[in-house]
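Colleague: Sharing input15.csv, CSV, C-alpha atoms:
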chain,number,residue,atom,x,y,z
A,26,MET,CA,36.8,177.3,115.4
A,27,SER,CA,35.6,174.6,117.8
A,28,PRO,CA,33.5,176.1,120.5
A,29,VAL,CA,33.2,172.6,122.1
A,30,TRP,CA,36.6,173.1,123.6
A,31,ASP,CA,36.1,176.7,124.8
A,32,ASP,CA,34.7,175.5,128.2
A,33,ALA,CA,37.2,172.7,128.8
A,34,PRO,CA,39.9,173.3,131.5
A,35,ASP,CA,43.4,174.2,130.3
A,36,GLU,CA,44.8,170.9,131.6
A,37,ARG,CA,42.4,168.9,129.4
A,38,LEU,CA,43.1,171.1,126.4
A,39,LEU,CA,46.8,170.4,126.7
A,40,ALA,CA,46.3,166.7,127.3
A,41,THR,CA,44.1,166.4,124.2
A,42,THR,CA,46.2,168.6,121.8
A,43,ARG,CA,47.9,165.7,120.1
A,44,ALA,CA,44.6,163.9,119.4
A,45,GLU,CA,42.5,167.0,118.7
A,46,PRO,CA,44.4,170.0,117.2
A,47,ALA,CA,41.4,172.3,117.8
A,48,ALA,CA,42.0,171.9,121.5
A,49,PHE,CA,45.2,173.9,121.2
A,50,GLY,CA,43.4,176.5,119.2
A,51,ALA,CA,41.1,177.0,122.2
A,52,PHE,CA,44.1,177.1,124.6
A,53,TYR,CA,45.6,179.8,122.4
A,54,ARG,CA,42.4,181.9,122.2
A,55,ARG,CA,42.1,181.7,126.0
A,56,HIS,CA,45.6,182.9,126.7
A,57,GLU,CA,46.5,185.0,123.7
A,58,ASP,CA,45.7,188.4,125.3
A,59,GLY,CA,47.5,187.5,128.5
A,60,VAL,CA,50.7,186.4,126.8
A,61,LEU,CA,50.7,189.3,124.4
A,62,SER,CA,50.1,191.8,127.2
A,63,TYR,CA,53.0,190.2,129.2
A,64,PHE,CA,55.4,190.7,126.3
A,65,LEU,CA,54.0,194.1,125.3
A,66,ALA,CA,54.6,195.4,128.8
A,67,ARG,CA,58.2,194.3,128.6
A,68,VAL,CA,59.3,195.0,125.1
A,69,GLY,CA,56.9,197.8,124.1
A,70,ASP,CA,56.8,196.8,120.4
A,71,PRO,CA,53.7,195.0,119.1
A,72,GLU,CA,55.6,193.1,116.4
A,73,VAL,CA,58.3,191.9,118.8
A,74,ALA,CA,55.5,191.0,121.3
A,75,ALA,CA,53.7,189.0,118.6
A,76,ASP,CA,56.9,187.2,117.6
A,77,LEU,CA,57.6,186.3,121.2
A,78,THR,CA,54.0,185.2,121.7
A,79,ALA,CA,54.2,182.9,118.6
A,80,GLU,CA,57.4,181.3,119.9
A,81,THR,CA,55.9,180.8,123.3
A,82,PHE,CA,52.8,179.0,122.1
A,83,ALA,CA,54.9,177.0,119.7
A,84,ALA,CA,57.1,175.9,122.5
A,85,ALA,CA,54.0,175.1,124.6
A,86,LEU,CA,52.6,173.0,121.7
A,87,VAL,CA,55.9,171.1,121.4
A,88,SER,CA,55.8,170.2,125.1
A,89,ALA,CA,52.1,170.1,125.8
A,90,HIS,CA,52.1,166.3,126.0
A,91,ARG,CA,54.7,166.5,128.8
A,92,PHE,CA,52.7,168.9,130.9
A,93,ARG,CA,51.6,167.4,134.2
A,94,PRO,CA,49.1,169.5,136.2
A,95,ARG,CA,50.2,170.3,139.7
A,96,LYS,CA,48.3,172.1,142.4
A,97,LYS,CA,50.7,174.9,142.7
A,98,LYS,CA,51.5,175.2,139.1
A,99,PRO,CA,48.4,175.4,136.8
A,100,ALA,CA,48.6,175.4,133.1
A,101,ALA,CA,48.6,179.2,132.9
A,102,ALA,CA,51.6,179.4,135.2
A,103,TRP,CA,53.4,176.8,133.1
A,104,LEU,CA,52.7,178.8,130.0
A,105,PHE,CA,54.0,182.0,131.6
A,106,GLY,CA,57.1,180.1,132.7
A,107,ILE,CA,57.7,179.3,129.0
A,108,ALA,CA,57.1,183.0,128.2
A,109,ARG,CA,59.6,184.1,130.8
A,110,ASN,CA,62.3,181.7,129.6
A,111,ASN,CA,61.6,182.7,126.0
A,112,LEU,CA,62.0,186.4,126.8
A,113,ALA,CA,65.2,185.8,128.8
A,114,MET,CA,66.7,183.7,126.0
A,115,SER,CA,65.7,186.3,123.3
A,116,ARG,CA,67.3,189.1,125.3
A,117,ARG,CA,70.5,187.1,125.7
A,118,GLN,CA,70.6,186.4,122.0
A,119,GLY,CA,69.5,189.9,120.9
A,120,ARG,CA,66.8,188.5,118.8
A,121,VAL,CA,63.6,186.6,119.1
A,122,ASP,CA,64.2,182.9,119.4
A,123,ALA,CA,62.5,180.8,116.7
A,124,ARG,CA,63.5,177.2,117.5
A,125,ALA,CA,60.0,175.9,118.4
A,126,ARG,CA,58.4,177.5,115.3
A,127,ARG,CA,61.2,176.0,113.1
A,128,ARG,CA,60.7,172.6,114.7
A,129,LEU,CA,57.0,172.8,113.9
A,130,GLY,CA,57.5,174.1,110.4
A,131,MET,CA,55.5,177.2,111.1
A,132,ALA,CA,55.6,180.1,108.6
A,133,PRO,CA,56.9,183.5,109.7
A,134,LEU,CA,54.3,185.8,111.0
A,135,LEU,CA,53.2,188.5,108.5
A,136,LEU,CA,51.4,191.1,110.6
A,137,THR,CA,49.1,193.5,108.9
A,138,ASP,CA,48.9,197.1,110.1
A,139,GLU,CA,45.4,196.3,111.5
A,140,ALA,CA,46.8,193.4,113.6
A,141,ILE,CA,49.6,195.6,114.9
A,142,GLU,CA,47.1,198.2,115.9
A,143,ARG,CA,45.0,195.5,117.6
A,144,ILE,CA,48.0,194.4,119.6
A,145,ALA,CA,49.0,197.9,120.5
A,146,ASP,CA,45.5,198.5,121.7
A,147,LEU,CA,45.7,195.6,124.0
A,148,ASP,CA,48.4,197.3,126.1
A,149,ARG,CA,46.2,200.3,126.7
A,150,THR,CA,43.2,198.2,127.4
A,151,ALA,CA,45.0,195.8,129.7
A,152,LEU,CA,46.5,198.4,131.9
A,153,ALA,CA,43.2,200.2,132.2
A,154,LEU,CA,41.5,197.0,133.2
A,155,VAL,CA,44.2,196.2,135.8
A,156,ASP,CA,43.4,199.6,137.4
A,157,GLU,CA,39.7,198.6,137.5
A,158,LEU,CA,40.3,195.5,139.5
A,159,PRO,CA,39.3,195.3,143.2
A,160,GLY,CA,42.2,196.7,145.4
A,161,ASP,CA,43.5,193.4,146.8
A,162,GLN,CA,43.5,191.7,143.3
A,163,ARG,CA,45.0,194.8,141.7
A,164,GLU,CA,48.0,194.8,144.1
A,165,ALA,CA,48.5,191.1,143.7
A,166,VAL,CA,48.3,191.1,139.9
A,167,ARG,CA,50.6,194.1,139.6
A,168,ALA,CA,53.2,192.6,141.9
A,169,ARG,CA,53.1,189.2,140.3
A,170,VAL,CA,52.4,189.7,136.6
A,171,ILE,CA,53.8,193.2,136.0
A,172,ASP,CA,56.6,193.4,138.5
A,173,GLU,CA,57.4,189.7,138.3
A,174,ARG,CA,57.9,189.3,142.0
A,175,ASP,CA,58.0,186.0,143.8
A,176,TYR,CA,54.9,184.8,145.8
A,177,PRO,CA,56.7,184.7,149.2
A,178,GLU,CA,57.9,188.2,148.8
A,179,ILE,CA,54.5,189.5,147.8
A,180,ALA,CA,52.9,187.6,150.7
A,181,LYS,CA,55.3,189.3,153.1
A,182,ASP,CA,54.5,192.7,151.7
A,183,LEU,CA,50.8,192.2,151.7
A,184,ARG,CA,50.9,190.5,155.1
A,185,CYS,CA,49.0,187.4,154.1
A,186,SER,CA,49.8,183.8,153.1
A,187,GLU,CA,51.2,182.7,149.8
A,188,ALA,CA,48.0,180.8,149.2
A,189,VAL,CA,46.0,184.0,149.5
A,190,VAL,CA,48.2,185.8,147.1
A,191,ARG,CA,47.9,183.0,144.6
A,192,LYS,CA,44.2,183.1,144.9
A,193,ARG,CA,44.1,186.9,144.4
A,194,VAL,CA,46.3,186.7,141.3
A,195,SER,CA,44.2,183.8,139.9
A,196,ARG,CA,41.0,185.7,140.5
A,197,GLY,CA,42.4,188.9,139.2
A,198,LEU,CA,43.6,187.3,136.0
A,199,GLY,CA,40.3,185.5,135.6
A,200,THR,CA,38.5,188.8,136.0
A,201,LEU,CA,40.8,190.4,133.4
A,202,ARG,CA,40.3,187.6,131.0
A,203,ALA,CA,36.5,187.9,131.3
A,204,ARG,CA,36.6,191.7,130.8
A,205,MET,CA,38.9,191.4,127.9
A,206,GLU,CA,36.5,189.0,126.3
A,207,GLU,CA,33.6,191.3,126.9
A,208,LYS,CA,35.5,194.0,125.0
B,8,MET,CA,38.3,186.7,116.7
B,9,THR,CA,41.8,186.7,118.1
B,10,ARG,CA,44.2,189.5,117.7
B,11,ILE,CA,46.5,187.4,115.5
B,12,PRO,CA,44.1,184.9,113.7
B,13,GLU,CA,46.9,183.8,111.5
B,14,LEU,CA,48.9,182.6,114.5
B,15,GLU,CA,46.0,180.6,115.8
B,16,GLN,CA,45.6,178.9,112.3
B,17,GLU,CA,49.3,178.2,112.2
B,18,LEU,CA,49.3,176.6,115.7
B,19,VAL,CA,46.3,174.4,114.9
B,20,ALA,CA,47.9,173.3,111.7
B,21,ALA,CA,51.1,172.6,113.5
B,22,ALA,CA,49.2,170.6,116.1
B,23,ALA,CA,47.6,168.6,113.3
B,24,ARG,CA,51.0,167.9,111.8
B,25,LEU,CA,52.1,166.5,115.2
B,26,GLN,CA,49.4,164.0,115.0
B,27,SER,CA,51.4,162.1,112.4
B,28,PRO,CA,54.1,160.2,114.3
B,29,ARG,CA,56.4,160.4,111.3
B,30,ARG,CA,56.4,164.1,111.6
B,31,VAL,CA,57.3,164.2,115.3
B,32,LEU,CA,61.0,164.6,115.8
B,33,ARG,CA,62.7,162.2,118.2
B,34,PRO,CA,64.1,163.9,121.2
B,35,ALA,CA,67.7,163.3,120.2
B,36,ALA,CA,67.1,164.5,116.7
B,37,GLY,CA,65.2,167.5,118.1
B,38,ALA,CA,68.1,168.4,120.4
B,39,ALA,CA,70.6,168.2,117.6
B,40,LEU,CA,68.3,170.3,115.4
B,41,ALA,CA,67.9,172.8,118.2
B,42,ALA,CA,71.6,173.2,118.6
B,43,ALA,CA,72.1,173.6,114.9
B,44,ALA,CA,69.2,176.0,114.7
B,45,VAL,CA,70.9,178.4,117.0
B,46,ALA,CA,73.6,179.0,114.4
B,47,VAL,CA,71.4,179.1,111.4
B,48,ILE,CA,68.1,180.7,112.5
B,49,VAL,CA,68.9,183.9,110.7
B,50,VAL,CA,69.7,182.1,107.5
B,51,LEU,CA,66.6,180.0,107.7
B,52,ALA,CA,64.5,183.1,108.3
B,53,VAL,CA,65.9,184.7,105.3
B,54,VAL,CA,65.4,181.6,103.2
B,55,GLY,CA,61.9,181.3,104.4
B,56,ALA,CA,61.1,184.9,103.6
B,57,THR,CA,62.7,184.6,100.2
B,58,GLU,CA,60.8,181.5,99.4
B,59,GLU,CA,57.6,183.4,100.3
B,60,ASN,CA,58.6,186.3,98.1
B,61,ALA,CA,59.2,183.9,95.2
B,62,GLY,CA,55.4,183.3,95.2
B,63,ASP,CA,55.2,179.6,96.0
B,64,GLY,CA,52.4,179.2,98.6
B,65,ARG,CA,52.7,182.9,99.5
B,66,ARG,CA,49.8,183.6,101.9
B,67,GLN,CA,47.8,186.8,102.1
B,68,PRO,CA,46.8,187.2,105.8
B,69,ALA,CA,43.1,186.8,106.4
B,70,SER,CA,42.9,190.3,107.8
B,71,THR,CA,44.7,192.0,104.9
B,72,ALA,CA,42.3,194.4,103.1
B,73,PRO,CA,41.1,193.1,99.8
B,74,GLY,CA,43.5,194.1,97.0
B,75,ALA,CA,46.3,194.9,99.5
B,76,LYS,CA,49.6,193.1,98.8
B,77,LEU,CA,52.0,192.1,101.5
B,78,ALA,CA,55.6,190.7,101.2
B,79,ILE,CA,58.8,190.6,103.2
B,80,ASP,CA,62.4,191.0,102.2
B,81,GLY,CA,63.7,188.7,104.8
B,82,GLN,CA,67.4,189.5,104.2
B,83,ALA,CA,66.8,193.3,104.6
B,84,GLY,CA,64.2,192.8,107.3
B,85,VAL,CA,61.7,195.0,105.5
B,86,ARG,CA,58.0,194.5,105.1
B,87,PHE,CA,56.1,196.0,102.2
B,88,ARG,CA,52.4,196.5,102.1
B,89,LEU,CA,50.8,198.0,99.0
B,90,ASP,CA,47.2,199.1,99.4
B,91,GLY,CA,45.8,201.3,96.7
B,92,ARG,CA,48.1,204.3,96.2
B,93,VAL,CA,49.8,203.8,99.6
B,94,LEU,CA,52.9,201.7,100.1
B,95,THR,CA,53.7,201.1,103.8
B,96,VAL,CA,57.2,200.1,104.5
B,97,ARG,CA,58.2,198.8,107.9
B,98,LEU,CA,61.5,197.8,109.3
B,99,LEU,CA,61.1,194.5,111.1
B,100,PRO,CA,62.5,193.9,114.6
B,101,TYR,CA,65.3,191.7,113.2
B,102,ALA,CA,66.2,194.1,110.4
B,103,PRO,CA,70.0,194.2,110.2
B,104,THR,CA,71.9,197.3,111.3
B,105,GLU,CA,72.9,197.8,107.7
B,106,THR,CA,69.3,198.4,106.7
B,107,GLN,CA,68.6,200.7,109.6
B,108,THR,CA,71.7,202.7,108.9
B,109,ARG,CA,71.0,203.0,105.3
B,110,VAL,CA,67.5,204.4,105.6
B,111,SER,CA,68.1,206.5,108.7
B,112,SER,CA,68.1,210.2,107.9
B,113,ALA,CA,68.3,209.6,104.2
B,114,ARG,CA,66.2,210.4,101.2
B,115,ILE,CA,64.7,207.0,100.3
B,116,ARG,CA,63.0,206.2,97.0
B,117,ALA,CA,60.2,203.6,96.8
B,118,THR,CA,59.2,202.2,93.5
B,119,CYS,CA,56.5,199.6,92.7
B,120,GLY,CA,55.9,198.3,89.2
B,121,LYS,CA,55.0,195.6,86.8
B,122,GLY,CA,57.6,193.9,84.7
B,123,PHE,CA,61.2,195.0,84.3
B,124,THR,CA,61.5,196.9,81.1
B,125,GLU,CA,63.3,200.1,81.0
B,126,GLY,CA,62.4,203.6,82.2
B,127,PRO,CA,60.3,205.1,84.8
B,128,GLY,CA,56.8,206.5,84.4
B,129,ARG,CA,54.0,205.5,82.1
B,130,GLY,CA,55.3,206.6,78.7
B,131,PRO,CA,55.1,204.5,75.6
B,132,GLY,CA,57.0,201.2,75.9
B,133,PRO,CA,58.0,201.1,79.6
B,134,GLU,CA,56.0,199.0,81.9
B,135,PRO,CA,53.9,201.0,84.4
B,136,ARG,CA,55.5,201.9,87.7
B,137,GLN,CA,55.1,204.4,90.4
B,138,THR,CA,57.9,206.2,92.3
B,139,ARG,CA,58.0,208.4,95.4
B,140,THR,CA,60.9,209.7,97.4
B,141,ARG,CA,60.7,210.7,101.0
B,142,PHE,CA,63.0,211.7,103.8
B,143,TRP,CA,63.3,208.8,106.4
B,144,PRO,CA,63.6,210.3,109.9
B,145,ALA,CA,66.2,208.8,112.2
B,146,GLY,CA,64.8,206.1,114.5
B,147,SER,CA,61.6,205.7,112.5
B,148,THR,CA,60.6,202.1,111.6
B,149,LEU,CA,57.7,202.8,109.5
B,150,MET,CA,57.2,205.0,106.4
B,151,ARG,CA,54.3,205.5,104.1
B,152,PHE,CA,54.8,206.4,100.4
B,153,ARG,CA,51.7,207.8,98.7
B,154,PHE,CA,52.0,207.3,94.9
B,155,LEU,CA,50.3,209.5,92.4
B,156,GLY,CA,48.4,206.6,91.0
B,157,ASP,CA,47.0,203.3,92.2
B,158,ILE,CA,49.3,200.5,90.9
B,159,SER,CA,48.4,198.0,93.6
B,160,ARG,CA,46.3,195.8,91.3
B,161,ILE,CA,49.0,195.2,88.7
B,162,ALA,CA,52.2,195.7,90.7
B,163,THR,CA,54.4,192.6,90.8
B,164,TRP,CA,57.3,194.1,92.7
B,165,CYS,CA,58.4,196.9,95.0
B,166,ARG,CA,61.8,198.3,95.7
B,167,LEU,CA,63.3,200.6,98.3
B,168,GLU,CA,66.6,202.4,97.5
B,169,ASP,CA,68.8,205.3,98.4
B,170,PRO,CA,69.1,207.2,95.1
B,171,VAL,CA,72.7,207.8,95.9
B,172,VAL,CA,73.9,204.7,97.7
B,173,GLY,CA,71.6,202.2,96.0
B,174,HIS,CA,69.6,199.1,97.0
B,175,VAL,CA,67.9,198.7,100.4
B,176,ALA,CA,65.2,196.1,99.9
B,177,PHE,CA,63.2,194.4,97.2
B,178,VAL,CA,60.2,192.1,97.2
B,179,ARG,CA,58.2,190.3,94.5
B,180,PHE,CA,54.5,189.8,95.1
B,181,ALA,CA,52.9,186.5,94.6
B,182,ALA,CA,50.8,186.3,91.4
B,183,THR,CA,47.1,186.6,92.0
B,184,ALA,CA,44.0,185.8,90.0
B,185,LYS,CA,43.6,189.5,89.2
B,186,GLU,CA,46.9,189.7,87.4
Rewrite the coordinates I just gave you, this time as structure tokens.

Modeller:
Amino acid sequence: MSPVWDDAPDERLLATTRAEPAAFGAFYRRHEDGVLSYFLARVGDPEVAADLTAETFAAALVSAHRFRPRKKKPAAAWLFGIARNNLAMSRRQGRVDARARRRLGMAPLLLTDEAIERIADLDRTALALVDELPGDQREAVRARVIDERDYPEIAKDLRCSEAVVRKRVSRGLGTLRARMEEK
Amino acid sequence: MTRIPELEQELVAAAARLQSPRRVLRPAAGAALAAAAVAVIVVLAVVGATEENAGDGRRQPASTAPGAKLAIDGQAGVRFRLDGRVLTVRLLPYAPTETQTRVSSARIRATCGKGFTEGPGRGPGPEPRQTRTRFWPAGSTLMRFRFLGDISRIATWCRLEDPVVGHVAFVRFAATAKE
């Protein structure tokens, strides 16, 4: 696609999306595995996870221009907030929400068996990679991303400050992303 | 390469469409549309899938093997993939209960063919078609039917049915240059 965007920070990619569509492609590439893994761990079905991922990125695209970076809420956290809302709404409705995709006029996803297999493989790979993280990062990532616990609660359990937990989660996710890319 | 390259392409294309101010919905219109969409999402999904099945602008995903054909019966929530002699049928997550109930623990017949003249098989007159019947285990969402011959290059449609109860799902493939 456009490698020029691959090194740009998330905040810049989101801010530029309306002027440069390729920037959102880079944002998607960067977070695809993370979001897919998030859903896969919760719904267990690659196709449902893919649908939820599609809706999450579509919703992110719709509101990208409204994103305002904050110190305690980087773009990745904002994206996962959308993912959480999307999952909750889909569970309430009993089906995957599709409003953002409809609004954007996106075609329904037609997943090939190969794509389904690639997504299913992600679950196995991601869990194995989490286990390979250094101890402090592993605990923080598991507590925050897999168990979805709040930062203050995790900080209390790990007997450290919230800022330290945030840093460990951030580093852990960064390491995971780098290792996923290597694979 | 991403795990779902089609999605990346769709998102970039959607971002490009947003560049045009006339395509961006105003917040009020967007909110109204969102409210209405809650009620009609299923219908729209069905219409979308049906339109695709009709062949207009039907896309073959980039990662689909050459020669493989893919189509969705949106109403039944069934995806058909015909690759060589093998037809893979998958119940989609939004497949209605009726579809799931109909195939579950039933003998299901899959047929793919070209044209709609009478009779099964390849005898004189009838259009070529391939048929295979298999038992569909309860709870299974995927089934593969291996036909005796490769009909994938000429097939224009596939059907799934219960030989006793009747229709389950049907798709028409988009015309390709080969056909």

Colleague: Using all atoms listed in the file, determine which residues of chain B fall within 6 Å of chain A; present them as a VMD selection string.

Modeller: chain B and resid 15 19 21 to 23 26

Colleague: Using Å and a single decimal, report how far atom CA of Arg109 of chain B sits from atom CA of Phe154 of chain B.

Modeller: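 So the two atoms, atom CA of Phe154 of chain B and atom CA of Arg109 of chain B, lie 22.1 Å apart.
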
Colleague: Determine the nearest neighbour of Phe92 of chain A from the options A:Arg202, A:Gly69, A:Leu112, A:Asp35, counting only C-alpha atoms.

Modeller: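 Answer, going by the shortest atom-to-atom distance: A:Asp35.
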
Colleague: (49.3, 195.9, 132.7) in this file's frame - what residues fall within 8 Å of it? Use all atoms listed in the file and give the answer as a compact mmCIF listing (two decimals) with C-alpha atoms, in the coordinates of the input.

Modeller:
# COMPACT_ATOMS: atom_id res chain seq x y z
CA SER A 62 50.10 191.80 127.20
CA TYR A 63 53.00 190.20 129.20
CA ALA A 66 54.60 195.40 128.80
CA ASP A 148 48.40 197.30 126.10
CA ALA A 151 45.00 195.80 129.70
CA LEU A 152 46.50 198.40 131.90
CA ALA A 153 43.20 200.20 132.20
CA LEU A 154 41.50 197.00 133.20
CA VAL A 155 44.20 196.20 135.80
CA ARG A 167 50.60 194.10 139.60
CA VAL A 170 52.40 189.70 136.60
CA ILE A 171 53.80 193.20 136.00

Colleague: State, in Å with one decimal place, the distance from atom CA of Thr41 of chain A to atom CA of Lys98 of chain A.

Modeller: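 According to the coordinates, atom CA of Thr41 of chain A and atom CA of Lys98 of chain A are separated by 18.8 Å.
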
Colleague: Find the residues near Val189 of chain A: any atom within 12 Å, counting only C-alpha atoms, skip ones fewer than 5 places away on the same chain, and give them as a ChimeraX atom specification.

Modeller: /A:161-162,165,176-177,179-181,183-184,194-197

Colleague: So which one's closest to Glu178 of chain A, A:Asp32, A:Arg37, A:Val190, A:Arg149? Using only C-alpha atoms, please.

Modeller: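 Selected residue with least distance to Glu178 of chain A: A:Val190.
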
Colleague: Could you pull the residues within 10 Å of Thr138 of chain B, counting only C-alpha atoms, minus those fewer than 4 positions along the same chain, as a PyMOL selection string?

Modeller: chain B and resi 116-120+127-128+152-156+165-167

Colleague: Could you tell me how far atom CA of Thr163 of chain B lies from atom CA of Pro103 of chain B, in Å and to one decimal?

Modeller: 24.9 Å

Colleague: Using all atoms listed in the file, which residues sit within 12 Å of Arg151 of chain B once same-chain residues fewer than 4 positions away are excluded, as a list in words?

Modeller: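 Neighbouring residues, sequence-local ones excluded: Asp138 of chain A; Arg86, Phe87, Arg88, Leu89, Asp90, Arg92, Val93, Leu94, Thr95, Val96, Arg97, Leu98, Ile115, Arg116, Ala117, Arg139, Thr140, Arg141, Phe142, Trp143, Pro144, Ser147 and Leu167 of chain B.
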
Colleague: What would segment 84-96 of chain B look like with N, CA and C atoms restored, written as a short mmCIF file (atom, residue, chain, number, x, y, z; two decimals), in the frame of the given file?

Modeller:
data_model
loop_
_atom_site.label_atom_id
_atom_site.label_comp_id
_atom_site.auth_asym_id
_atom_site.auth_seq_id
_atom_site.Cartn_x
_atom_site.Cartn_y
_atom_site.Cartn_z
N GLY B 84 65.08 192.61 106.15
CA GLY B 84 64.20 192.80 107.30
C GLY B 84 63.21 193.93 107.07
N VAL B 85 62.65 193.96 105.87
CA VAL B 85 61.70 195.00 105.50
C VAL B 85 60.40 194.41 105.02
N ARG B 86 59.31 194.94 105.54
CA ARG B 86 58.00 194.50 105.10
C ARG B 86 57.35 195.54 104.23
N PHE B 87 56.79 195.12 103.11
CA PHE B 87 56.10 196.00 102.20
C PHE B 87 54.62 195.69 102.19
N ARG B 88 53.82 196.72 102.26
CA ARG B 88 52.40 196.50 102.10
C ARG B 88 51.85 197.57 101.17
N LEU B 89 51.33 197.09 100.07
CA LEU B 89 50.80 198.00 99.00
C LEU B 89 49.32 197.92 99.01
N ASP B 90 48.70 199.02 99.35
CA ASP B 90 47.20 199.10 99.40
C ASP B 90 46.77 200.30 98.67
N GLY B 91 46.20 200.12 97.50
CA GLY B 91 45.80 201.30 96.70
C GLY B 91 47.01 202.10 96.31
N ARG B 92 46.96 203.40 96.60
CA ARG B 92 48.10 204.30 96.20
C ARG B 92 49.16 204.29 97.31
N VAL B 93 48.89 203.65 98.43
CA VAL B 93 49.80 203.80 99.60
C VAL B 93 50.68 202.55 99.77
N LEU B 94 51.97 202.79 99.77
CA LEU B 94 52.90 201.70 100.10
C LEU B 94 53.43 201.98 101.53
N THR B 95 53.20 201.00 102.40
CA THR B 95 53.70 201.10 103.80
C THR B 95 54.90 200.23 103.93
N VAL B 96 55.99 200.83 104.34
CA VAL B 96 57.20 200.10 104.50
C VAL B 96 57.59 200.08 105.99
#
